[in-house]
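Have a look at final16.pdb below; it lists PDB, C-alpha atoms.
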```pdb
ATOM      1  CA  MET V   1     130.424 150.927  80.084
ATOM      2  CA  SER V   2     131.282 152.909  83.266
ATOM      3  CA  ARG V   3     128.910 153.117  86.192
ATOM      4  CA  ARG V   4     127.537 156.564  87.107
ATOM      5  CA  PRO V   5     128.632 157.842  90.545
ATOM      6  CA  ASN V   6     125.119 157.690  91.962
ATOM      7  CA  ASP V   7     124.510 154.137  90.687
ATOM      8  CA  HIS V   8     124.270 151.447  93.317
ATOM      9  CA  PRO V   9     125.689 148.011  92.591
ATOM     10  CA  ASN V  10     122.867 145.585  92.002
ATOM     11  CA  ASP V  11     122.075 142.721  94.329
ATOM     12  CA  HIS V  12     124.161 140.289  92.333
ATOM     13  CA  ASP V  13     127.278 142.451  92.484
ATOM     14  CA  ARG V  14     126.749 143.164  96.180
ATOM     15  CA  LEU V  15     126.333 139.472  96.966
ATOM     16  CA  GLU V  16     129.348 138.538  94.884
ATOM     17  CA  SER V  17     131.613 141.160  96.444
ATOM     18  CA  LEU V  18     130.544 140.129  99.951
ATOM     19  CA  LEU V  19     131.105 136.440  99.155
ATOM     20  CA  ARG V  20     134.621 137.250  97.976
ATOM     21  CA  MET V  21     135.250 139.076 101.242
ATOM     22  CA  LEU V  22     134.605 135.902 103.213
ATOM     23  CA  SER V  23     138.084 135.121 104.400
ATOM     24  CA  ALA V  24     139.876 131.809 104.041
ATOM     25  CA  PRO V  25     143.417 131.022 105.154
ATOM     26  CA  GLU V  26     146.203 130.396 102.664
ATOM     27  CA  PRO V  27     147.914 126.997 102.395
ATOM     28  CA  SER V  28     151.088 126.734 104.454
ATOM     29  CA  ALA V  29     154.536 127.009 102.900
ATOM     30  CA  GLN V  30     155.228 123.366 103.816
ATOM     31  CA  LEU V  31     152.253 122.019 101.877
ATOM     32  CA  ALA V  32     154.158 121.596  98.609
ATOM     33  CA  SER V  33     157.086 119.721 100.185
ATOM     34  CA  SER V  34     154.798 117.519 102.315
ATOM     35  CA  VAL V  35     152.613 116.592  99.367
ATOM     36  CA  ARG V  36     155.711 115.815  97.266
ATOM     37  CA  ARG V  37     156.995 113.435  99.953
ATOM     38  CA  ARG V  38     153.596 111.689 100.119
ATOM     39  CA  TYR V  39     153.460 111.477  96.314
ATOM     40  CA  LEU V  40     156.915 109.846  96.128
ATOM     41  CA  GLU V  41     155.958 107.380  98.874
ATOM     42  CA  ALA V  42     152.705 106.547  97.091
ATOM     43  CA  MET V  43     154.509 106.053  93.765
ATOM     44  CA  ALA V  44     157.059 103.732  95.430
ATOM     45  CA  ALA V  45     154.225 101.771  97.059
ATOM     46  CA  ARG V  46     152.462 101.520  93.691
ATOM     47  CA  ALA V  47     155.656 100.203  92.034
ATOM     48  CA  ARG V  48     156.038  97.577  94.787
ATOM     49  CA  ARG V  49     152.375  96.590  94.439
ATOM     50  CA  GLU V  50     152.701  96.267  90.657
ATOM     51  CA  ALA V  51     155.871  94.141  90.995
ATOM     52  CA  LEU V  52     154.146  91.879  93.516
ATOM     53  CA  MET V  53     151.103  91.552  91.279
ATOM     54  CA  GLY V  54     153.371  90.649  88.346
ATOM     55  CA  LEU V  55     155.054  87.950  90.420
ATOM     56  CA  VAL V  56     151.714  86.551  91.570
ATOM     57  CA  ALA V  57     150.445  86.570  87.969
ATOM     58  CA  ALA V  58     153.571  84.715  86.798
ATOM     59  CA  LEU V  59     153.177  82.102  89.550
ATOM     60  CA  VAL V  60     149.505  81.642  88.709
ATOM     61  CA  GLY V  61     150.450  81.290  85.030
ATOM     62  CA  LEU V  62     153.046  78.637  85.843
ATOM     63  CA  ALA V  63     150.573  76.793  88.041
ATOM     64  CA  VAL V  64     147.992  76.832  85.237
ATOM     65  CA  ILE V  65     150.545  75.553  82.693
ATOM     66  CA  ALA V  66     151.614  72.799  85.096
ATOM     67  CA  ALA V  67     147.999  71.850  85.755
ATOM     68  CA  ILE V  68     147.252  71.687  82.010
ATOM     69  CA  GLY V  69     150.425  69.658  81.443
ATOM     70  CA  MET V  70     149.410  67.222  84.162
ATOM     71  CA  THR V  71     145.986  66.730  82.594
ATOM     72  CA  VAL V  72     147.323  66.386  78.997
ATOM     73  CA  SER V  73     150.226  63.999  79.706
ATOM     74  CA  GLU V  74     150.836  61.313  82.273
ATOM     75  CA  PRO V  75     152.548  62.473  85.479
ATOM     76  CA  ALA V  76     155.086  59.644  85.000
ATOM     77  CA  THR V  77     156.097  61.134  81.612
ATOM     78  CA  LEU V  78     156.603  64.519  83.199
ATOM     79  CA  LEU V  79     158.967  62.976  85.744
ATOM     80  CA  LEU V  80     160.731  60.741  83.207
ATOM     81  CA  TRP V  81     161.819  63.576  80.893
ATOM     82  CA  PRO V  82     163.897  65.525  83.482
ATOM     83  CA  ALA V  83     165.371  62.230  84.756
ATOM     84  CA  GLU V  84     166.554  61.274  81.230
ATOM     85  CA  THR V  85     167.996  64.752  80.661
ATOM     86  CA  VAL V  86     169.973  64.573  83.912
ATOM     87  CA  ALA V  87     171.287  61.095  82.970
ATOM     88  CA  ASP V  88     172.372  62.350  79.497
ATOM     89  CA  ILE V  89     174.240  65.295  81.003
ATOM     90  CA  ALA V  90     175.982  62.944  83.452
ATOM     91  CA  ARG V  91     177.029  60.593  80.615
ATOM     92  CA  TRP V  92     178.460  63.458  78.516
ATOM     93  CA  THR V  93     180.332  64.897  81.492
ATOM     94  CA  ALA V  94     181.875  61.508  82.307
ATOM     95  CA  GLY V  95     182.891  60.948  78.652
ATOM     96  CA  ILE V  96     184.567  64.348  78.394
ATOM     97  CA  GLY V  97     186.356  63.678  81.669
ATOM     98  CA  VAL V  98     187.752  60.384  80.323
ATOM     99  CA  VAL V  99     188.993  62.023  77.087
ATOM    100  CA  LEU V 100     190.645  64.844  79.038
ATOM    101  CA  ALA V 101     192.374  62.330  81.307
ATOM    102  CA  LEU V 102     193.670  60.161  78.434
ATOM    103  CA  VAL V 103     195.196  62.916  76.265
ATOM    104  CA  PRO V 104     198.399  64.460  77.744
ATOM    105  CA  ALA V 105     198.369  68.147  78.745
ATOM    106  CA  LEU V 106     201.130  68.955  76.193
ATOM    107  CA  ALA V 107     198.872  67.769  73.353
ATOM    108  CA  TRP V 108     195.986  69.983  74.614
ATOM    109  CA  ALA V 109     198.357  72.972  74.857
ATOM    110  CA  SER V 110     199.567  72.509  71.271
ATOM    111  CA  VAL V 111     195.957  72.166  70.031
ATOM    112  CA  VAL V 112     194.954  75.388  71.801
ATOM    113  CA  LEU V 113     198.002  77.312  70.465
ATOM    114  CA  ALA V 114     197.447  76.065  66.911
ATOM    115  CA  SER V 115     193.772  77.022  67.037
ATOM    116  CA  ALA V 116     194.590  80.501  68.350
ATOM    117  CA  GLY V 117     197.200  80.994  65.608
ATOM    118  CA  ALA V 118     194.756  79.891  62.902
ATOM    119  CA  LEU V 119     192.034  82.242  64.180
ATOM    120  CA  LEU V 120     194.487  85.174  64.369
ATOM    121  CA  SER V 121     195.660  84.532  60.782
ATOM    122  CA  LEU V 122     192.061  84.392  59.551
ATOM    123  CA  GLY V 123     191.270  87.660  61.335
ATOM    124  CA  LEU V 124     194.264  89.448  59.813
ATOM    125  CA  LEU V 125     193.457  88.170  56.343
ATOM    126  CA  THR V 126     189.829  89.355  56.608
ATOM    127  CA  ARG V 127     190.933  92.806  57.797
ATOM    128  CA  ALA V 128     193.416  93.128  54.922
ATOM    129  CA  ARG V 129     190.683  92.262  52.415
ATOM    130  CA  VAL V 130     188.272  94.756  53.915
ATOM    131  CA  LEU V 131     190.902  97.533  53.738
ATOM    132  CA  ALA V 132     191.727  96.634  50.139
ATOM    133  CA  THR V 133     188.028  96.753  49.167
ATOM    134  CA  ALA V 134     187.604 100.144  50.856
ATOM    135  CA  LYS V 135     190.489 101.615  48.771
TER     136      LYS V 135
ATOM    137  CA  MET T   1     147.037 135.962  67.249
ATOM    138  CA  SER T   2     145.564 133.484  69.704
ATOM    139  CA  THR T   3     142.006 133.880  70.990
ATOM    140  CA  ALA T   4     140.734 133.138  74.499
ATOM    141  CA  PRO T   5     139.272 129.698  73.619
ATOM    142  CA  ASP T   6     142.594 128.794  71.976
ATOM    143  CA  ALA T   7     144.453 129.839  75.109
ATOM    144  CA  ASP T   8     142.035 127.788  77.234
ATOM    145  CA  ALA T   9     142.575 124.763  75.002
ATOM    146  CA  ASP T  10     146.358 125.242  75.238
ATOM    147  CA  ASP T  11     146.130 125.500  79.027
ATOM    148  CA  ARG T  12     144.084 122.324  79.210
ATOM    149  CA  ARG T  13     146.489 120.462  76.947
ATOM    150  CA  ALA T  14     149.412 121.614  79.088
ATOM    151  CA  GLU T  15     147.594 120.529  82.266
ATOM    152  CA  LEU T  16     146.775 117.165  80.758
ATOM    153  CA  ASP T  17     150.389 116.680  79.729
ATOM    154  CA  LEU T  18     151.548 117.556  83.254
ATOM    155  CA  ALA T  19     148.976 115.170  84.733
ATOM    156  CA  ARG T  20     150.127 112.320  82.465
ATOM    157  CA  ARG T  21     153.758 112.952  83.380
ATOM    158  CA  ALA T  22     152.888 113.068  87.084
ATOM    159  CA  ARG T  23     151.071 109.763  86.677
ATOM    160  CA  ARG T  24     154.269 108.227  85.264
ATOM    161  CA  GLY T  25     156.224 109.401  88.310
ATOM    162  CA  ASP T  26     157.601 112.749  87.089
ATOM    163  CA  ALA T  27     157.946 114.656  90.372
ATOM    164  CA  ALA T  28     158.653 117.972  88.605
ATOM    165  CA  ALA T  29     155.314 117.760  86.738
ATOM    166  CA  PHE T  30     153.585 116.896  89.992
ATOM    167  CA  ASP T  31     155.191 119.921  91.701
ATOM    168  CA  GLU T  32     153.939 122.176  88.906
ATOM    169  CA  LEU T  33     150.375 120.866  89.266
ATOM    170  CA  VAL T  34     150.535 121.394  93.032
ATOM    171  CA  ARG T  35     151.824 124.926  92.503
ATOM    172  CA  ARG T  36     148.963 125.714  90.112
ATOM    173  CA  PHE T  37     146.086 124.209  92.053
ATOM    174  CA  GLN T  38     147.012 124.037  95.749
ATOM    175  CA  ARG T  39     145.391 127.385  96.582
ATOM    176  CA  PRO T  40     141.874 126.739  95.162
ATOM    177  CA  ILE T  41     141.858 123.154  96.450
ATOM    178  CA  PHE T  42     143.024 124.143  99.924
ATOM    179  CA  ARG T  43     140.489 126.968 100.169
ATOM    180  CA  PHE T  44     137.682 124.738  98.917
ATOM    181  CA  CYS T  45     138.579 122.089 101.526
ATOM    182  CA  TRP T  46     138.864 124.706 104.215
ATOM    183  CA  ARG T  47     135.429 126.136 103.380
ATOM    184  CA  LEU T  48     133.918 122.667 103.707
ATOM    185  CA  VAL T  49     135.681 121.421 106.851
ATOM    186  CA  ARG T  50     136.662 124.740 108.487
ATOM    187  CA  SER T  51     139.632 123.207 110.291
ATOM    188  CA  ALA T  52     143.359 122.498 109.994
ATOM    189  CA  ASP T  53     142.382 119.178 108.362
ATOM    190  CA  ALA T  54     142.062 121.144 105.113
ATOM    191  CA  GLU T  55     145.832 120.944 104.650
ATOM    192  CA  ASP T  56     145.911 117.165 105.006
ATOM    193  CA  LEU T  57     142.874 116.814 102.733
ATOM    194  CA  THR T  58     144.587 118.965 100.092
ATOM    195  CA  GLN T  59     147.670 116.743 100.189
ATOM    196  CA  GLU T  60     145.549 113.603  99.987
ATOM    197  CA  THR T  61     143.634 115.054  97.024
ATOM    198  CA  PHE T  62     146.801 115.552  94.983
ATOM    199  CA  VAL T  63     148.261 112.166  95.867
ATOM    200  CA  ARG T  64     145.043 110.304  95.039
ATOM    201  CA  ALA T  65     144.561 112.260  91.845
ATOM    202  CA  PHE T  66     147.897 111.484  90.298
ATOM    203  CA  VAL T  67     148.572 108.043  91.721
ATOM    204  CA  HIS T  68     145.147 106.825  90.541
ATOM    205  CA  PHE T  69     145.316 108.767  87.298
ATOM    206  CA  GLU T  70     143.715 105.982  85.225
ATOM    207  CA  ARG T  71     140.304 107.215  86.428
ATOM    208  CA  PHE T  72     140.919 110.664  84.935
ATOM    209  CA  ASP T  73     138.748 111.661  81.981
ATOM    210  CA  PRO T  74     140.961 113.611  79.538
ATOM    211  CA  GLU T  75     137.875 115.465  78.267
ATOM    212  CA  ARG T  76     137.615 117.170  81.649
ATOM    213  CA  PRO T  77     139.995 119.878  82.844
ATOM    214  CA  VAL T  78     142.181 119.077  85.835
ATOM    215  CA  LEU T  79     140.782 121.524  88.424
ATOM    216  CA  PRO T  80     137.161 120.234  88.473
ATOM    217  CA  TRP T  81     138.517 116.713  88.713
ATOM    218  CA  LEU T  82     140.649 117.702  91.723
ATOM    219  CA  VAL T  83     137.657 119.465  93.283
ATOM    220  CA  ALA T  84     135.553 116.298  92.826
ATOM    221  CA  ILE T  85     138.194 114.256  94.685
ATOM    222  CA  ALA T  86     138.611 116.924  97.385
ATOM    223  CA  ARG T  87     134.886 117.155  98.106
ATOM    224  CA  ARG T  88     134.563 113.370  98.464
ATOM    225  CA  LEU T  89     137.476 113.370 100.921
ATOM    226  CA  CYS T  90     135.985 116.298 102.854
ATOM    227  CA  TRP T  91     132.544 114.713 103.133
ATOM    228  CA  ASP T  92     134.087 111.359 104.123
ATOM    229  CA  LEU T  93     135.981 113.112 106.917
ATOM    230  CA  LEU T  94     132.916 115.020 108.094
ATOM    231  CA  ARG T  95     130.775 111.880 108.063
ATOM    232  CA  ARG T  96     133.427 109.903 109.975
ATOM    233  CA  ARG T  97     133.727 112.585 112.595
ATOM    234  CA  GLY T  98     130.047 113.460 112.618
ATOM    235  CA  VAL T  99     131.108 117.085 112.618
ATOM    236  CA  ALA T 100     128.658 119.746 111.554
ATOM    237  CA  ALA T 101     131.345 122.023 110.166
ATOM    238  CA  ARG T 102     128.690 124.340 108.860
ATOM    239  CA  ALA T 103     127.798 125.307 112.415
ATOM    240  CA  GLN T 104     131.266 126.731 112.983
ATOM    241  CA  ALA T 105     131.548 130.429 112.403
ATOM    242  CA  MET T 106     133.992 131.909 109.936
ATOM    243  CA  PRO T 107     136.550 134.314 111.413
ATOM    244  CA  VAL T 108     135.558 137.700 109.988
ATOM    245  CA  ASP T 109     137.827 139.797 112.182
ATOM    246  CA  ASP T 110     140.758 139.623 109.769
ATOM    247  CA  VAL T 111     138.745 140.901 106.796
ATOM    248  CA  PRO T 112     140.125 144.262 105.585
ATOM    249  CA  MET T 113     137.473 146.988 105.895
ATOM    250  CA  PRO T 114     137.059 150.108 103.719
ATOM    251  CA  GLY T 115     136.665 152.480 106.685
ATOM    252  CA  PRO T 116     135.692 152.580 110.342
ATOM    253  CA  GLU T 117     132.114 153.769 109.672
ATOM    254  CA  ALA T 118     131.367 150.843 107.333
ATOM    255  CA  GLU T 119     133.188 148.274 109.423
ATOM    256  CA  ALA T 120     130.407 147.248 111.803
ATOM    257  CA  SER T 121     127.849 147.014 109.013
ATOM    258  CA  ILE T 122     130.042 144.918 106.729
ATOM    259  CA  ARG T 123     131.148 142.613 109.525
ATOM    260  CA  GLU T 124     127.517 142.024 110.427
ATOM    261  CA  GLN T 125     126.634 141.334 106.769
ATOM    262  CA  LEU T 126     129.536 138.906 106.461
ATOM    263  CA  ARG T 127     128.459 137.069 109.604
ATOM    264  CA  ARG T 128     124.918 136.747 108.283
ATOM    265  CA  LEU T 129     126.174 135.693 104.870
ATOM    266  CA  ASP T 130     128.458 133.062 106.375
ATOM    267  CA  ARG T 131     125.623 131.723 108.532
ATOM    268  CA  ALA T 132     123.267 131.664 105.537
ATOM    269  CA  LEU T 133     125.927 129.901 103.449
ATOM    270  CA  ALA T 134     126.328 127.296 106.199
ATOM    271  CA  GLU T 135     122.554 126.719 106.214
ATOM    272  CA  LEU T 136     122.559 125.725 102.528
ATOM    273  CA  ASP T 137     122.548 122.082 101.512
ATOM    274  CA  GLU T 138     125.919 120.735 100.413
ATOM    275  CA  GLY T 139     125.315 120.962  96.635
ATOM    276  CA  PRO T 140     124.135 124.596  96.517
ATOM    277  CA  ARG T 141     126.809 125.588  99.037
ATOM    278  CA  GLU T 142     129.583 124.042  96.965
ATOM    279  CA  ALA T 143     128.145 125.607  93.810
ATOM    280  CA  VAL T 144     128.210 129.070  95.423
ATOM    281  CA  ILE T 145     131.790 128.585  96.643
ATOM    282  CA  LEU T 146     132.997 127.366  93.255
ATOM    283  CA  PHE T 147     131.100 129.920  91.166
ATOM    284  CA  HIS T 148     131.271 133.118  93.209
ATOM    285  CA  ILE T 149     134.474 132.622  95.157
ATOM    286  CA  GLU T 150     136.680 130.338  93.044
ATOM    287  CA  GLN T 151     135.100 131.629  89.793
ATOM    288  CA  LEU T 152     134.753 128.314  87.991
ATOM    289  CA  SER T 153     132.447 128.087  84.958
ATOM    290  CA  TYR T 154     129.051 126.333  85.056
ATOM    291  CA  ARG T 155     130.527 123.507  83.007
ATOM    292  CA  ASP T 156     133.495 123.013  85.337
ATOM    293  CA  ILE T 157     131.267 123.136  88.421
ATOM    294  CA  ALA T 158     128.954 120.531  86.876
ATOM    295  CA  ALA T 159     132.010 118.331  86.236
ATOM    296  CA  ALA T 160     133.343 118.848  89.766
ATOM    297  CA  LEU T 161     130.038 118.198  91.496
ATOM    298  CA  GLU T 162     129.107 115.408  89.051
ATOM    299  CA  VAL T 163     125.666 116.821  88.257
ATOM    300  CA  PRO T 164     124.109 118.250  85.055
ATOM    301  CA  MET T 165     124.768 121.926  84.283
ATOM    302  CA  GLY T 166     121.051 122.715  84.719
ATOM    303  CA  THR T 167     121.235 121.468  88.312
ATOM    304  CA  VAL T 168     124.159 123.805  88.993
ATOM    305  CA  MET T 169     122.150 126.758  87.633
ATOM    306  CA  THR T 170     119.126 125.815  89.740
ATOM    307  CA  TRP T 171     121.274 125.415  92.853
ATOM    308  CA  LEU T 172     122.925 128.788  92.269
ATOM    309  CA  HIS T 173     119.585 130.520  91.670
ATOM    310  CA  ARG T 174     118.088 129.126  94.880
ATOM    311  CA  ALA T 175     121.262 129.704  96.886
ATOM    312  CA  ARG T 176     121.492 133.326  95.767
ATOM    313  CA  ALA T 177     117.857 133.894  96.729
ATOM    314  CA  HIS T 178     118.538 132.436 100.173
ATOM    315  CA  LEU T 179     121.703 134.496 100.672
ATOM    316  CA  ARG T 180     120.039 137.711  99.460
ATOM    317  CA  GLY T 181     117.151 137.041 101.840
ATOM    318  CA  ALA T 182     119.619 136.687 104.718
ATOM    319  CA  LEU T 183     121.346 139.950 103.772
ATOM    320  CA  ASP T 184     118.076 141.849 103.245
ATOM    321  CA  SER T 185     116.810 140.802 106.637
ATOM    322  CA  ALA T 186     119.948 142.458 108.044
ATOM    323  CA  SER T 187     119.599 145.696 106.042
ATOM    324  CA  PRO T 188     118.117 148.707 107.781
ATOM    325  CA  ALA T 189     114.643 149.607 106.471
TER     326      ALA T 189
END
```

Using structure tokens, write down the structure that the file contains.
Amino acid sequence: MSRRPNDHPNDHDRLESLLRMLSAPEPSAQLASSVRRRYLEAMAARARREALMGLVAALVGLAVIAAIGMTVSEPATLLLWPAETVADIARWTAGIGVVLALVPALAWASVVLASAGALLSLGLLTRARVLATAK
Amino acid sequence: MSTAPDADADDRRAELDLARRARRGDAAAFDELVRRFQRPIFRFCWRLVRSADAEDLTQETFVRAFVHFERFDPERPVLPWLVAIARRLCWDLLRRRGVAARAQAMPVDDVPMPGPEAEASIREQLRRLDRALAELDEGPREAVILFHIEQLSYRDIAAALEVPMGTVMTWLHRARAHLRGALDSASPA
């Protein structure tokens, strides 16, 4: 409904229009770029913090597992198992070294060539069968 | 045909989607949120602190909002949530500095006037209104700024100021009475 020309705006309207006339500056043109830079920095810092927290959590987890392991089994057993594994690996390495030294290089070369030839033949045969099945 | 509540709901969904993307590090979504809300947030900060710090507080509001997004309640629209963060930052700054920002006068000289004969009267009314606004307690003052100047709804103001809607209505009623009293005392008999 339109207001008659001799109507006066009521107190509420008057107050509201005056309040809207109270001036306030506008944000600067650089605000958006500055806030973007701060946002990217904050996101990078958050990623670093999360990575660090993950690392700390993993270390704490390992420490807990180690502590539980120490309480469940004897410390001597925990030390014995890696020592036996290292000794086994050393024995196998030495054995392979002896075999390699005893067999002449020509024999190894012929074994390698024969193996490669056999694998190639198998591959070609399989391919031929696949093509035949597709037809 | 879409109705106004539908459009509001669509807007809120779009804002929420932007906020979620910004939280995940999508700078384009963050830029869009800044573009939408920088003006009301900056003006709100400026009206509370009345200094160049408003710009820094606005930036800090956006960064805190979307880096600490896990505290966001998806039932609430984004603007009241930003206002809630901005007002905490503003009051922290004012408390740290011990500044009574409300005592500082608003510049009314750059307000456009309808004509030379009305100019003196309106400027005087604006000065009185600004002084009266500064005399209000923080809650009623913020409610007046958000309702009459930034045109937020009662519900959004209640969310921003973290008080029940009835409190917002009471604050506005009392604040309006105070402001009208200040204007009436200035009016010629």

Residues picked by the PyMOL selection byres ((chain V) within 9 of (chain T)) here, as a list in words?
->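 Applied to this file, the PyMOL selection byres ((chain V) within 9 of (chain T)) returns Asp11, His12, Leu15, Glu16, Ser17, Leu18, Leu19, Arg20, Met21, Leu22, Ser23, Ala24, Pro25, Glu26, Pro27, Ser28, Leu31, Ala32, Ser33, Ser34, Val35, Arg36, Arg38, Tyr39, Leu40, Ala42, Met43 and Arg46 of chain V.
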
Let me have the centre and edge lengths of the axis-aligned box enclosing all listed atoms of stretch 71-83 of chain V with 8 Å padding on every side, in Å to one decimal, as lines of an AutoDock Vina configuration file.
```
center_x = 155.7
center_y = 63.2
center_z = 82.4
size_x = 35.4
size_y = 23.1
size_z = 22.7
```

Separation of atom CA of T:Arg36 from atom CA of V:Glu41 in Å =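 Separating atom CA of V:Glu41 from atom CA of T:Arg36 is a distance of 21.5 Å.
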
With distances taken over all atoms listed in the file, which of T:Cys45, T:Leu172, T:Ala143, T:Ala14 is nearest to T:Val78?
->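 Smallest distance to T:Val78 is found for T:Ala14.
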
Specify as a list in words each residue included when the PyMOL selection byres ((chain T and resi 88) around 12) is applied to this file.
->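 Applied to this file, the PyMOL selection byres ((chain T and resi 88) around 12) selects Phe44, Cys45, Leu48, Val49, Leu57, Thr58, Glu60, Thr61, Arg64, Trp81, Leu82, Val83, Ala84, Ile85, Ala86, Arg87, Leu89, Cys90, Trp91, Asp92, Leu93, Leu94, Arg95, Glu138, Glu142, Ala160, Leu161 and Glu162 of chain T.
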
Take the residues just selected and output them with C-alpha atoms as a PDB file, keeping the file's coordinate frame.
```pdb
ATOM      1  CA  PHE T  44     137.682 124.738  98.917  1.00  0.00           C
ATOM      2  CA  CYS T  45     138.579 122.089 101.526  1.00  0.00           C
ATOM      3  CA  LEU T  48     133.918 122.667 103.707  1.00  0.00           C
ATOM      4  CA  VAL T  49     135.681 121.421 106.851  1.00  0.00           C
ATOM      5  CA  LEU T  57     142.874 116.814 102.733  1.00  0.00           C
ATOM      6  CA  THR T  58     144.587 118.965 100.092  1.00  0.00           C
ATOM      7  CA  GLU T  60     145.549 113.603  99.987  1.00  0.00           C
ATOM      8  CA  THR T  61     143.634 115.054  97.024  1.00  0.00           C
ATOM      9  CA  ARG T  64     145.043 110.304  95.039  1.00  0.00           C
ATOM     10  CA  TRP T  81     138.517 116.713  88.713  1.00  0.00           C
ATOM     11  CA  LEU T  82     140.649 117.702  91.723  1.00  0.00           C
ATOM     12  CA  VAL T  83     137.657 119.465  93.283  1.00  0.00           C
ATOM     13  CA  ALA T  84     135.553 116.298  92.826  1.00  0.00           C
ATOM     14  CA  ILE T  85     138.194 114.256  94.685  1.00  0.00           C
ATOM     15  CA  ALA T  86     138.611 116.924  97.385  1.00  0.00           C
ATOM     16  CA  ARG T  87     134.886 117.155  98.106  1.00  0.00           C
ATOM     17  CA  LEU T  89     137.476 113.370 100.921  1.00  0.00           C
ATOM     18  CA  CYS T  90     135.985 116.298 102.854  1.00  0.00           C
ATOM     19  CA  TRP T  91     132.544 114.713 103.133  1.00  0.00           C
ATOM     20  CA  ASP T  92     134.087 111.359 104.123  1.00  0.00           C
ATOM     21  CA  LEU T  93     135.981 113.112 106.917  1.00  0.00           C
ATOM     22  CA  LEU T  94     132.916 115.020 108.094  1.00  0.00           C
ATOM     23  CA  ARG T  95     130.775 111.880 108.063  1.00  0.00           C
ATOM     24  CA  GLU T 138     125.919 120.735 100.413  1.00  0.00           C
ATOM     25  CA  GLU T 142     129.583 124.042  96.965  1.00  0.00           C
ATOM     26  CA  ALA T 160     133.343 118.848  89.766  1.00  0.00           C
ATOM     27  CA  LEU T 161     130.038 118.198  91.496  1.00  0.00           C
ATOM     28  CA  GLU T 162     129.107 115.408  89.051  1.00  0.00           C
TER      29      GLU T 162
END
```

Would you mind completing stretch 133-145 of chain T to N, CA and C atoms and writing the output as an mmCIF file, keeping the file's coordinate frame?
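Output contents, as saved in selection-v3.cif:
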```cif
data_model
loop_
_atom_site.group_PDB
_atom_site.id
_atom_site.type_symbol
_atom_site.label_atom_id
_atom_site.label_comp_id
_atom_site.auth_asym_id
_atom_site.auth_seq_id
_atom_site.Cartn_x
_atom_site.Cartn_y
_atom_site.Cartn_z
ATOM 1 N N LEU T 133 125.200 130.841 104.311
ATOM 2 C CA LEU T 133 125.927 129.901 103.449
ATOM 3 C C LEU T 133 126.001 128.533 104.130
ATOM 4 N N ALA T 134 126.223 128.553 105.439
ATOM 5 C CA ALA T 134 126.328 127.296 106.199
ATOM 6 C C ALA T 134 124.980 126.577 106.271
ATOM 7 N N GLU T 135 123.884 127.331 106.147
ATOM 8 C CA GLU T 135 122.554 126.719 106.214
ATOM 9 C C GLU T 135 122.182 125.998 104.909
ATOM 10 N N LEU T 136 122.898 126.339 103.833
ATOM 11 C CA LEU T 136 122.559 125.725 102.528
ATOM 12 C C LEU T 136 122.905 124.241 102.528
ATOM 13 N N ASP T 137 122.182 123.488 101.702
ATOM 14 C CA ASP T 137 122.548 122.082 101.512
ATOM 15 C C ASP T 137 123.909 122.016 100.832
ATOM 16 N N GLU T 138 124.534 120.813 100.882
ATOM 17 C CA GLU T 138 125.919 120.735 100.413
ATOM 18 C C GLU T 138 126.097 121.118 98.936
ATOM 19 N N GLY T 139 125.182 120.665 98.071
ATOM 20 C CA GLY T 139 125.315 120.962 96.635
ATOM 21 C C GLY T 139 125.273 122.456 96.353
ATOM 22 N N PRO T 140 124.195 123.150 96.757
ATOM 23 C CA PRO T 140 124.135 124.596 96.517
ATOM 24 C C PRO T 140 125.301 125.358 97.162
ATOM 25 N N ARG T 141 125.706 124.901 98.354
ATOM 26 C CA ARG T 141 126.809 125.588 99.037
ATOM 27 C C ARG T 141 128.103 125.459 98.221
ATOM 28 N N GLU T 142 128.368 124.244 97.756
ATOM 29 C CA GLU T 142 129.583 124.042 96.965
ATOM 30 C C GLU T 142 129.504 124.825 95.656
ATOM 31 N N ALA T 143 128.301 124.865 95.068
ATOM 32 C CA ALA T 143 128.145 125.607 93.810
ATOM 33 C C ALA T 143 128.434 127.087 94.029
ATOM 34 N N VAL T 144 127.961 127.650 95.128
ATOM 35 C CA VAL T 144 128.210 129.070 95.423
ATOM 36 C C VAL T 144 129.705 129.305 95.624
ATOM 37 N N ILE T 145 130.347 128.425 96.386
ATOM 38 C CA ILE T 145 131.790 128.585 96.643
ATOM 39 C C ILE T 145 132.566 128.535 95.322
#
```
